[in-house]
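**Q** This one is structure.tsv, TSV, C-alpha atoms.
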chain	number	residue	atom	x	y	z
A	1	MET	CA	0.00	0.00	0.00
A	2	ILE	CA	1.33	3.44	-0.99
A	3	ASN	CA	1.89	5.85	1.88
A	4	PRO	CA	0.67	9.31	0.79
A	5	PHE	CA	2.90	10.89	3.45
A	6	SER	CA	6.11	9.19	2.39
A	7	ILE	CA	9.29	11.21	1.93
A	8	LEU	CA	9.05	11.08	-1.87
A	9	ASN	CA	5.41	12.20	-1.89
A	10	ARG	CA	6.08	15.05	0.52
A	11	TYR	CA	9.16	16.10	-1.43
A	12	LEU	CA	7.36	16.28	-4.78
A	13	PHE	CA	4.29	17.95	-3.24
A	14	LEU	CA	6.47	20.67	-1.66
A	15	GLU	CA	8.32	21.09	-4.96
A	16	MET	CA	5.06	22.02	-6.65
A	17	LEU	CA	4.01	24.65	-4.11
A	18	PRO	CA	6.46	27.50	-5.01
A	19	PRO	CA	5.71	27.48	-8.78
A	20	PHE	CA	2.01	27.21	-7.99
A	21	PHE	CA	1.97	30.38	-5.88
A	22	ILE	CA	4.28	32.21	-8.30
A	23	ASN	CA	2.01	31.39	-11.24
A	24	LEU	CA	-1.08	32.20	-9.18
A	25	ALA	CA	0.30	35.67	-8.39
A	26	PHE	CA	1.50	36.23	-11.96
A	27	PHE	CA	-1.73	35.24	-13.69
A	28	SER	CA	-3.81	37.14	-11.13
A	29	PHE	CA	-1.80	40.24	-11.94
A	30	ILE	CA	-2.35	39.67	-15.68
A	31	PHE	CA	-6.10	39.29	-15.21
A	32	LEU	CA	-6.28	42.40	-13.02
A	33	MET	CA	-4.29	44.51	-15.48
A	34	LYS	CA	-7.35	44.97	-17.66
A	35	GLN	CA	-9.14	46.54	-14.67
A	36	ILE	CA	-6.55	49.33	-14.34
A	37	LEU	CA	-8.42	51.78	-16.58
A	38	GLU	CA	-11.67	51.25	-14.68
A	39	ILE	CA	-9.84	51.67	-11.36
A	40	THR	CA	-8.22	54.90	-12.54
A	41	ASP	CA	-11.57	56.21	-13.77
A	42	MET	CA	-13.29	55.41	-10.47
A	43	ILE	CA	-10.58	57.04	-8.35
A	44	VAL	CA	-9.91	60.12	-10.49
A	45	ASN	CA	-13.26	60.93	-12.10
A	46	HIS	CA	-15.72	59.51	-9.58
A	47	LYS	CA	-13.66	60.27	-6.43
A	48	VAL	CA	-14.05	56.71	-5.13
A	49	GLY	CA	-11.76	55.82	-2.23
A	50	VAL	CA	-8.84	53.42	-2.64
A	51	VAL	CA	-10.19	50.96	-0.04
A	52	PRO	CA	-13.59	50.46	-1.77
A	53	VAL	CA	-11.83	50.00	-5.11
A	54	PHE	CA	-9.58	47.27	-3.74
A	55	LEU	CA	-12.56	45.62	-2.07
A	56	LEU	CA	-14.36	45.61	-5.43
A	57	LEU	CA	-11.32	43.93	-6.98
A	58	ALA	CA	-11.22	41.37	-4.17
A	59	TYR	CA	-14.87	40.48	-4.78
A	60	THR	CA	-14.16	39.88	-8.48
A	61	MET	CA	-11.18	37.60	-7.75
A	62	PRO	CA	-13.23	34.36	-7.32
A	63	TYR	CA	-14.38	34.74	-10.93
A	64	PHE	CA	-10.78	34.99	-12.14
A	65	LEU	CA	-9.45	32.34	-9.75
A	66	GLN	CA	-11.74	29.67	-11.17
A	67	TYR	CA	-9.64	29.90	-14.35
A	68	ILE	CA	-6.30	30.82	-12.79
A	69	ILE	CA	-6.09	27.90	-10.32
A	70	PRO	CA	-6.32	25.13	-12.98
A	71	MET	CA	-3.72	26.98	-15.05
A	72	SER	CA	-1.43	27.40	-12.04
A	73	THR	CA	-1.90	23.75	-11.05
A	74	MET	CA	-0.77	22.57	-14.46
A	75	MET	CA	2.19	24.95	-14.50
A	76	ALA	CA	3.24	23.87	-10.99
A	77	VAL	CA	3.24	20.16	-11.87
A	78	LEU	CA	4.98	20.81	-15.17
A	79	MET	CA	7.71	23.08	-13.79
A	80	ALA	CA	8.39	20.92	-10.71
A	81	LEU	CA	8.87	17.75	-12.77
A	82	LEU	CA	10.75	19.71	-15.42
A	83	ARG	CA	13.21	20.87	-12.77
A	84	MET	CA	13.60	17.32	-11.41
A	85	SER	CA	14.13	15.96	-14.93
A	86	SER	CA	16.76	18.57	-15.80
A	87	ASP	CA	18.62	17.77	-12.54
A	88	ASN	CA	18.46	14.03	-13.37
A	89	GLU	CA	16.40	13.34	-10.25
A	90	ILE	CA	13.79	11.46	-12.31
A	91	MET	CA	16.55	9.32	-13.83
A	92	ALA	CA	17.96	8.60	-10.36
A	93	LEU	CA	14.51	7.53	-9.12
A	94	LYS	CA	14.11	5.20	-12.09
A	95	ALA	CA	17.56	3.74	-11.45
A	96	GLY	CA	16.53	3.12	-7.85
A	97	GLY	CA	13.55	1.08	-9.00
A	98	VAL	CA	10.89	3.76	-8.53
A	99	SER	CA	8.15	3.48	-11.14
A	100	ILE	CA	6.73	6.51	-12.92
A	101	TYR	CA	3.33	5.55	-11.54
A	102	ARG	CA	4.82	5.99	-8.06
A	103	LEU	CA	5.04	9.74	-8.75
A	104	LEU	CA	1.37	9.85	-9.65
A	105	THR	CA	0.19	9.93	-6.01
A	106	PRO	CA	1.54	13.41	-5.05
A	107	VAL	CA	0.49	14.81	-8.43
A	108	LEU	CA	-3.07	13.53	-7.96
A	109	ILE	CA	-3.19	14.83	-4.38
A	110	PHE	CA	-1.94	18.23	-5.51
A	111	SER	CA	-4.36	18.34	-8.45
A	112	LEU	CA	-7.25	17.19	-6.26
A	113	THR	CA	-6.46	20.01	-3.82
A	114	GLY	CA	-6.65	22.47	-6.73
A	115	THR	CA	-9.95	20.85	-7.79
A	116	LEU	CA	-11.47	21.34	-4.34
A	117	ILE	CA	-10.33	24.97	-4.12
A	118	THR	CA	-11.58	25.74	-7.63
A	119	GLY	CA	-14.87	23.96	-6.88
A	120	TYR	CA	-15.33	26.16	-3.83
A	121	MET	CA	-14.72	29.21	-6.03
A	122	THR	CA	-17.22	28.20	-8.73
A	123	ILE	CA	-19.97	26.99	-6.38
A	124	PHE	CA	-19.67	29.41	-3.45
A	125	GLY	CA	-17.00	32.06	-4.18
A	126	VAL	CA	-18.35	33.47	-7.44
A	127	PRO	CA	-21.99	33.87	-6.24
A	128	SER	CA	-20.90	35.32	-2.89
A	129	GLY	CA	-18.36	37.65	-4.53
A	130	ALA	CA	-20.91	38.84	-7.08
A	131	GLU	CA	-23.46	39.60	-4.35
A	132	ARG	CA	-20.93	41.49	-2.23
A	133	PHE	CA	-19.65	43.28	-5.31
A	134	LYS	CA	-23.11	44.57	-6.21
A	135	THR	CA	-23.85	45.63	-2.63
A	136	LEU	CA	-20.57	47.53	-2.32
A	137	LEU	CA	-20.96	49.02	-5.77
A	138	PHE	CA	-24.37	50.34	-4.77
A	139	ASP	CA	-22.83	52.02	-1.73
A	140	VAL	CA	-20.04	53.43	-3.89
A	141	ALA	CA	-22.50	54.66	-6.50
A	142	ALA	CA	-24.73	56.14	-3.79
A	143	ALA	CA	-21.79	57.95	-2.23
A	144	ASN	CA	-20.71	59.12	-5.65
A	145	LEU	CA	-24.25	60.38	-6.31
A	146	ASN	CA	-24.25	62.38	-3.11
A	147	VAL	CA	-20.86	63.84	-3.99
A	148	SER	CA	-21.80	64.61	-7.58
A	149	ILE	CA	-25.02	66.48	-6.68
A	150	LYS	CA	-23.78	69.94	-5.78
A	151	GLU	CA	-25.58	73.16	-5.07
A	152	ARG	CA	-26.19	75.49	-8.01
A	153	THR	CA	-24.57	73.06	-10.45
A	154	PHE	CA	-26.14	71.25	-13.39
A	155	ASN	CA	-25.71	67.48	-13.01
A	156	ASP	CA	-25.85	65.32	-16.16
A	157	ASN	CA	-24.52	62.00	-14.82
A	158	PHE	CA	-27.85	60.32	-15.53
A	159	LYS	CA	-28.80	59.50	-19.08
A	160	GLN	CA	-31.29	61.99	-20.60
A	161	ILE	CA	-31.78	63.73	-17.22
A	162	MET	CA	-30.45	67.12	-16.20
A	163	LEU	CA	-30.64	67.84	-12.46
A	164	TYR	CA	-30.20	71.19	-10.74
A	165	VAL	CA	-30.45	71.80	-6.97
A	166	ASN	CA	-30.36	75.29	-5.49
A	167	LYS	CA	-29.58	74.22	-1.91
A	168	ILE	CA	-28.81	71.00	0.01
A	169	ASP	CA	-29.49	70.77	3.74
A	170	PRO	CA	-26.19	69.48	5.27
A	171	GLN	CA	-28.00	67.90	8.25
A	172	SER	CA	-30.94	66.08	6.65
A	173	GLY	CA	-29.67	65.88	3.06
A	174	GLU	CA	-32.95	67.37	1.85
A	175	LEU	CA	-32.86	69.11	-1.52
A	176	HIS	CA	-34.44	72.55	-1.93
A	177	ASN	CA	-35.65	74.23	-5.13
A	178	VAL	CA	-35.07	71.34	-7.53
A	179	LEU	CA	-35.17	71.66	-11.32
A	180	ILE	CA	-35.16	68.56	-13.56
A	181	GLU	CA	-35.10	68.32	-17.34
A	182	ASP	CA	-36.32	64.81	-18.27
A	183	SER	CA	-36.07	63.81	-21.95
A	184	ARG	CA	-36.45	60.05	-21.54
A	185	THR	CA	-39.94	60.06	-23.10
A	186	SER	CA	-39.76	59.69	-26.88
A	187	GLY	CA	-41.21	62.69	-28.69
A	188	GLY	CA	-41.62	64.65	-25.49
A	189	ASN	CA	-39.78	66.62	-22.86
A	190	ASN	CA	-40.70	67.12	-19.18
A	191	THR	CA	-39.54	69.98	-17.00
A	192	VAL	CA	-40.08	69.37	-13.31
A	193	VAL	CA	-39.81	72.09	-10.67
A	194	ALA	CA	-40.24	71.27	-6.97
A	195	ARG	CA	-39.76	73.12	-3.70
A	196	ARG	CA	-37.96	70.22	-2.06
A	197	GLY	CA	-36.97	66.60	-2.56
A	198	ARG	CA	-35.36	63.51	-0.98
A	199	LEU	CA	-33.34	60.55	-2.28
A	200	PHE	CA	-34.41	56.94	-1.56
A	201	GLY	CA	-32.47	53.87	-2.65
A	202	GLU	CA	-33.20	50.24	-3.49
A	203	PRO	CA	-29.87	48.33	-3.26
A	204	LYS	CA	-31.06	45.12	-4.96
A	205	GLU	CA	-32.32	46.99	-8.01
A	206	MET	CA	-29.36	49.42	-8.12
A	207	VAL	CA	-31.65	52.44	-8.49
A	208	TYR	CA	-32.41	55.66	-6.60
A	209	PHE	CA	-35.76	57.41	-6.47
A	210	LEU	CA	-35.85	61.15	-6.16
A	211	ARG	CA	-39.08	61.97	-4.37
A	212	LEU	CA	-40.18	65.54	-5.02
A	213	TYR	CA	-42.72	67.57	-3.03
A	214	ASP	CA	-44.92	70.56	-3.95
A	215	GLY	CA	-44.07	71.13	-7.57
A	216	THR	CA	-45.22	71.28	-11.18
A	217	ILE	CA	-44.52	69.26	-14.32
A	218	SER	CA	-44.46	71.02	-17.69
A	219	GLN	CA	-44.92	68.46	-20.46
A	220	MET	CA	-43.97	69.38	-24.01
A	221	ASP	CA	-45.07	67.08	-26.87
A	222	MET	CA	-43.00	67.85	-29.97
A	223	ARG	CA	-45.19	65.75	-32.27
A	224	ASP	CA	-48.37	67.81	-31.94
A	225	ARG	CA	-46.60	70.86	-30.48
A	226	SER	CA	-48.72	70.90	-27.36
A	227	SER	CA	-47.85	71.56	-23.73
A	228	HIS	CA	-49.46	70.64	-20.41
A	229	THR	CA	-48.83	71.67	-16.83
A	230	ILE	CA	-49.52	69.38	-13.88
A	231	ASN	CA	-49.33	70.27	-10.21
A	232	PHE	CA	-48.34	67.56	-7.73
A	233	GLU	CA	-47.83	67.04	-4.01
A	234	THR	CA	-45.40	64.12	-4.40
A	235	TYR	CA	-43.68	62.81	-7.53
A	236	ASP	CA	-41.03	60.08	-7.85
A	237	ILE	CA	-38.31	60.04	-10.51
A	238	ARG	CA	-36.24	56.91	-11.07
A	239	LEU	CA	-32.47	57.47	-11.23
A	240	ASP	CA	-30.52	54.46	-12.53
A	241	LEU	CA	-27.18	54.11	-10.75
A	242	LYS	CA	-25.76	52.11	-13.65
A	243	ASP	CA	-25.47	55.47	-15.39
A	244	VAL	CA	-23.21	56.76	-12.61
A	245	ILE	CA	-20.80	53.81	-12.59
A	246	SER	CA	-21.27	51.70	-15.70
A	247	THR	CA	-20.77	47.99	-15.04
A	248	PRO	CA	-22.42	45.44	-17.35
A	249	GLY	CA	-24.99	43.14	-15.80
A	250	ILE	CA	-25.01	44.89	-12.48
A	251	ALA	CA	-28.73	44.73	-11.82
A	252	ASN	CA	-29.37	41.26	-13.18
A	253	GLN	CA	-27.91	38.09	-11.70
A	254	ALA	CA	-26.33	35.96	-14.41
A	255	PRO	CA	-26.66	32.15	-14.20
A	256	ASP	CA	-22.95	31.69	-13.42
A	257	GLU	CA	-23.37	34.08	-10.45
A	258	MET	CA	-26.18	31.99	-8.93
A	259	THR	CA	-25.85	29.42	-6.19
A	260	LEU	CA	-26.69	25.83	-7.11
A	261	PRO	CA	-30.23	25.90	-5.60
A	262	HIS	CA	-31.02	29.18	-7.36
A	263	LEU	CA	-29.58	27.86	-10.63
A	264	ARG	CA	-31.69	24.71	-10.42
A	265	ALA	CA	-34.78	26.83	-9.79
A	266	TYR	CA	-33.81	29.06	-12.70
A	267	LEU	CA	-33.48	26.01	-14.97
A	268	LYS	CA	-37.02	24.95	-14.10
A	269	ARG	CA	-38.29	28.48	-14.67
A	270	VAL	CA	-36.79	28.84	-18.17
A	271	SER	CA	-37.32	25.23	-19.28
A	272	SER	CA	-39.80	26.41	-21.93
A	273	ASP	CA	-37.24	28.81	-23.45
A	274	LYS	CA	-34.71	26.59	-25.24
A	275	ALA	CA	-32.01	29.24	-25.66
A	276	GLN	CA	-32.04	30.35	-22.01
A	277	TYR	CA	-32.34	26.78	-20.78
A	278	LEU	CA	-29.32	25.55	-22.76
A	279	SER	CA	-27.25	28.57	-21.69
A	280	ALA	CA	-28.12	28.03	-18.01
A	281	LEU	CA	-27.47	24.29	-18.25
A	282	LEU	CA	-24.03	25.04	-19.68
A	283	LYS	CA	-23.29	27.27	-16.69
A	284	TYR	CA	-24.49	24.54	-14.35
A	285	HIS	CA	-22.10	21.92	-15.76
A	286	LYS	CA	-19.34	24.51	-16.01
A	287	LYS	CA	-19.38	24.92	-12.22
A	288	PHE	CA	-18.18	21.30	-11.97
A	289	SER	CA	-16.16	20.82	-15.16
A	290	ILE	CA	-13.74	23.71	-14.56
A	291	PRO	CA	-12.61	22.39	-11.13
A	292	VAL	CA	-12.05	18.91	-12.61
A	293	ALA	CA	-9.78	20.57	-15.18
A	294	CYS	CA	-7.13	20.68	-12.43
A	295	LEU	CA	-7.03	16.87	-12.47
A	296	ALA	CA	-7.02	16.67	-16.26
A	297	MET	CA	-4.23	19.24	-16.61
A	298	GLY	CA	-2.22	17.70	-13.77
A	299	LEU	CA	-2.36	14.31	-15.52
A	300	LEU	CA	-1.26	15.94	-18.78
A	301	ALA	CA	1.56	17.97	-17.20
A	302	MET	CA	3.15	14.96	-15.47
A	303	PRO	CA	4.41	13.00	-18.52
A	304	LEU	CA	5.35	16.23	-20.33
A	305	GLY	CA	7.52	17.34	-17.42
A	306	ILE	CA	9.15	13.93	-17.07
A	307	GLN	CA	10.02	13.63	-20.76
A	308	ALA	CA	11.37	17.15	-21.34
A	309	ARG	CA	14.66	16.50	-19.60
A	310	HIS	CA	16.89	18.92	-21.50
A	311	SER	CA	14.44	21.80	-21.78
A	312	LYS	CA	14.59	25.17	-20.05
A	313	LYS	CA	11.98	26.83	-17.84
A	314	ALA	CA	10.75	28.81	-20.84
A	315	PHE	CA	9.74	25.48	-22.33
A	316	GLY	CA	7.53	24.73	-19.33
A	317	ILE	CA	5.87	28.14	-19.50
A	318	GLY	CA	5.28	27.90	-23.24
A	319	LEU	CA	4.01	24.33	-23.06
A	320	GLY	CA	1.67	25.10	-20.17
A	321	LEU	CA	0.22	28.15	-21.91
A	322	LEU	CA	-0.16	26.19	-25.15
A	323	PHE	CA	-2.23	23.43	-23.56
A	324	PHE	CA	-4.26	25.84	-21.46
A	325	LEU	CA	-5.03	27.75	-24.66
A	326	LEU	CA	-6.10	24.45	-26.20
A	327	TYR	CA	-8.34	23.81	-23.19
A	328	TYR	CA	-9.89	27.28	-23.47
A	329	ILE	CA	-10.50	26.81	-27.21
A	330	LEU	CA	-12.20	23.46	-26.60
A	331	LEU	CA	-14.27	25.04	-23.83
A	332	SER	CA	-15.30	27.93	-26.08
A	333	VAL	CA	-16.20	25.55	-28.91
A	334	GLY	CA	-18.17	23.38	-26.49
A	335	THR	CA	-20.02	26.45	-25.20
A	336	ALA	CA	-20.88	27.65	-28.71
A	337	PHE	CA	-22.12	24.25	-29.91
A	338	GLY	CA	-23.92	23.61	-26.62
A	339	GLU	CA	-25.81	26.91	-26.80
A	340	ASN	CA	-26.79	26.18	-30.39
A	341	GLY	CA	-28.14	22.79	-29.38
A	342	ASN	CA	-25.80	20.91	-31.75
A	343	TYR	CA	-24.99	18.54	-28.91
A	344	PRO	CA	-25.90	18.33	-25.20
A	345	PRO	CA	-24.35	20.96	-22.89
A	346	VAL	CA	-22.87	18.22	-20.71
A	347	VAL	CA	-20.75	17.12	-23.69
A	348	GLY	CA	-19.60	20.66	-24.45
A	349	MET	CA	-18.49	21.37	-20.89
A	350	TRP	CA	-16.83	18.02	-20.13
A	351	MET	CA	-15.23	17.39	-23.53
A	352	PRO	CA	-12.06	19.48	-22.80
A	353	ASN	CA	-11.42	17.50	-19.61
A	354	VAL	CA	-11.92	14.18	-21.37
A	355	VAL	CA	-9.64	15.17	-24.27
A	356	LEU	CA	-6.77	16.59	-22.17
A	357	GLY	CA	-7.12	14.01	-19.39
A	358	GLY	CA	-7.25	11.13	-21.86
A	359	PHE	CA	-4.24	12.50	-23.73
A	360	GLY	CA	-2.38	12.86	-20.43
A	361	ILE	CA	-3.08	9.22	-19.48
A	362	TYR	CA	-1.91	8.10	-22.91
A	363	LEU	CA	1.37	10.04	-22.56
A	364	LEU	CA	1.81	8.72	-19.02
A	365	VAL	CA	1.60	5.13	-20.27
A	366	LEU	CA	4.17	5.92	-22.96
A	367	SER	CA	6.48	7.45	-20.34
A	368	ALA	CA	6.15	4.40	-18.10
A	369	LYS	CA	7.16	2.22	-21.09
A	370	GLU	CA	10.23	4.45	-21.68
A	371	LYS	CA	8.92	5.64	-25.03
A	372	LYS	CA	9.90	9.09	-26.22
A	373	ILE	CA	7.38	11.93	-26.43
A	374	ARG	CA	8.57	14.45	-29.00
A	375	VAL	CA	7.58	17.79	-27.52
A	376	ASN	CA	10.94	19.60	-27.63
A	377	TRP	CA	9.81	21.55	-30.72
A	378	VAL	CA	7.70	23.69	-28.39
A	379	GLY	CA	10.78	24.51	-26.36
A	380	ARG	CA	12.69	25.51	-29.47
A	381	MET	CA	9.78	27.67	-30.61
A	382	VAL	CA	9.54	29.42	-27.23
A	383	ASP	CA	13.30	29.94	-27.09
A	384	GLY	CA	13.17	31.54	-30.54
A	385	VAL	CA	10.38	33.89	-29.48
A	386	MET	CA	12.25	34.82	-26.29
A	387	LYS	CA	15.42	35.60	-28.29
A	388	ARG	CA	13.49	37.81	-30.71
A	389	PHE	CA	11.94	39.76	-27.83
A	390	GLY	CA	15.38	40.08	-26.30
A	391	ARG	CA	16.69	41.80	-29.42
A	392	ILE	CA	13.87	44.38	-29.44
Could I get this structure in the form of structure tokens?
**A**
Amino acid sequence: MINPFSILNRYLFLEMLPPFFINLAFFSFIFLMKQILEITDMIVNHKVGVVPVFLLLAYTMPYFLQYIIPMSTMMAVLMALLRMSSDNEIMALKAGGVSIYRLLTPVLIFSLTGTLITGYMTIFGVPSGAERFKTLLFDVAAANLNVSIKERTFNDNFKQIMLYVNKIDPQSGELHNVLIEDSRTSGGNNTVVARRGRLFGEPKEMVYFLRLYDGTISQMDMRDRSSHTINFETYDIRLDLKDVISTPGIANQAPDEMTLPHLRAYLKRVSSDKAQYLSALLKYHKKFSIPVACLAMGLLAMPLGIQARHSKKAFGIGLGLLFFLLYYILLSVGTAFGENGNYPPVVGMWMPNVVLGGFGIYLLVLSAKEKKIRVNWVGRMVDGVMKRFGRI
């Protein structure tokens, strides 16, 4: 019986930890780089504090980590075994009678750990992070709204609405002598004047309501060139906070942001709509297939790392990125064909794992039989690219 806590297993497991965390930090930085422009805009233009911005980034991390962890798991296995192969440690183990299959235990344990962490991200982390993100974004947008509404200043943050406030009570926040130009009605234009007003929010819907008191509405219809005046005691105007800080899908919960019970209920609710049902079913299977990708990629990385004895670290990076790109392409193709109904969503979401995992098992059997796997051409290609960049 194989002892999972043997010296060899612990040694190989610990060898995979440093490259895992290095790749995790590196790929997280790459994913967050595309958020830099939005961060700069929020801090400079919308006067959002640094702490809320970093909290917003933290709440989006589970979405990125569900893709980064499988990638980092593969790179960690590949680079650890690549290092051992280049230092002839794999050859020494073989000479000592250690089978290649003996190294499979720590790799599977490491990959299974990545699977569990990724599964937690997809099932619990993404829905929780999305909910917290929307709640915090509402607070940020609300604070930004309060900052942006200034006395004796025309405010045009809201689409097709111009807002002017003569005075704001610093204690109660009540607005006095409010003027609003509302052009959201097609073919018409409303001018609203009120003695005072208050702001009320609905966090779940990401909207504010400006409740006005004691005022008049002047309606102008450009089609028949008529005008009407209406007096009111109270009048509510909806202000959409998505116009203040634009973030796609902020008010609606996407299927991949739902918890499993909510997603199952959503599947029953949209069962009559084929397009929505197939899309939601894809997201359901994706919550489980992406974590299992850690196992598939770990199995694939093991024989590649063992065979590439004379390759450099650049080879490991290039090879890992190549196969992760292949996985992403297969996942995208499976998503497209699954949404079109060309084949069941379960096939589209699990096909990349079956292909890469099956290929990894095949290469592992070849490695155990001491048969060569010709993958050094990738190393030569990566080395050539690195040299070209070095000359620039």
**Q** Residues within 8 Å of Gly320 in chain A, please, as a PyMOL selection string. Count only C-alpha atoms; anything in the same chain fewer than 2 positions from it doesn't count.
**A** chain A and resi 71+74-75+78+301+316-318+322-324
**Q** Anything within 12 Å of (-14.0, 40.3, -9.9): list those residues as a VMD selection string, counting only C-alpha atoms and sticking to the file's coordinates.
**A** chain A and resid 28 31 to 35 53 to 66 121 125 to 134 137 247 257
**Q** Please provide the set of residues having any atom within 12 Å of Pro303 in chain A, restricted to only C-alpha atoms, with same-chain residues fewer than 5 positions apart removed, written as a ChimeraX atom specification.
**A** /A:74,77-82,85,90,100-101,103-104,107,297-298,308-309,357,359-375
**Q** Can you tell me, as a list in words, what residues are no more than 10 Å from Arg264 in chain A when counting only C-alpha atoms, ignoring any on the same chain fewer than 6 positions away?
**A** Pro255, Met258, Ala280, Leu281 and Tyr284 of chain A
**Q** In Å, with one decimal, what is the gap from CA of Thr122 in chain A to CA of Lys287 in chain A?
**A**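 Computed distance, CA of Thr122 in chain A to CA of Lys287 in chain A, equals 5.3 Å.
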**Q** Could you tell me how far CA of Gly348 in chain A lies from CA of Thr335 in chain A, in Å and to one decimal?
**A**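 Computing it gives 5.9 Å between the two atoms.
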**Q** Interatomic distance between CA of Cys294 in chain A and CA of Gly114 in chain A?
**A**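 Computed distance, CA of Cys294 in chain A to CA of Gly114 in chain A, equals 6.0 Å.
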**Q** Using only C-alpha atoms, find the one residue out of A:Asp87, A:Gly96, A:Lys274, A:Phe124 that sits nearest to Leu260 in chain A.
**A**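 For Leu260 in chain A, the nearest of the given residues is A:Phe124.
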**Q** Please provide as a PyMOL selection string all residues within 9 Å of range 160-174 of chain A, with the sequence filter that same-chain residues fewer than 2 positions apart are discarded (counting all atoms listed in the file).
**A** chain A and resi 146+149-158+176-184+196-199+239
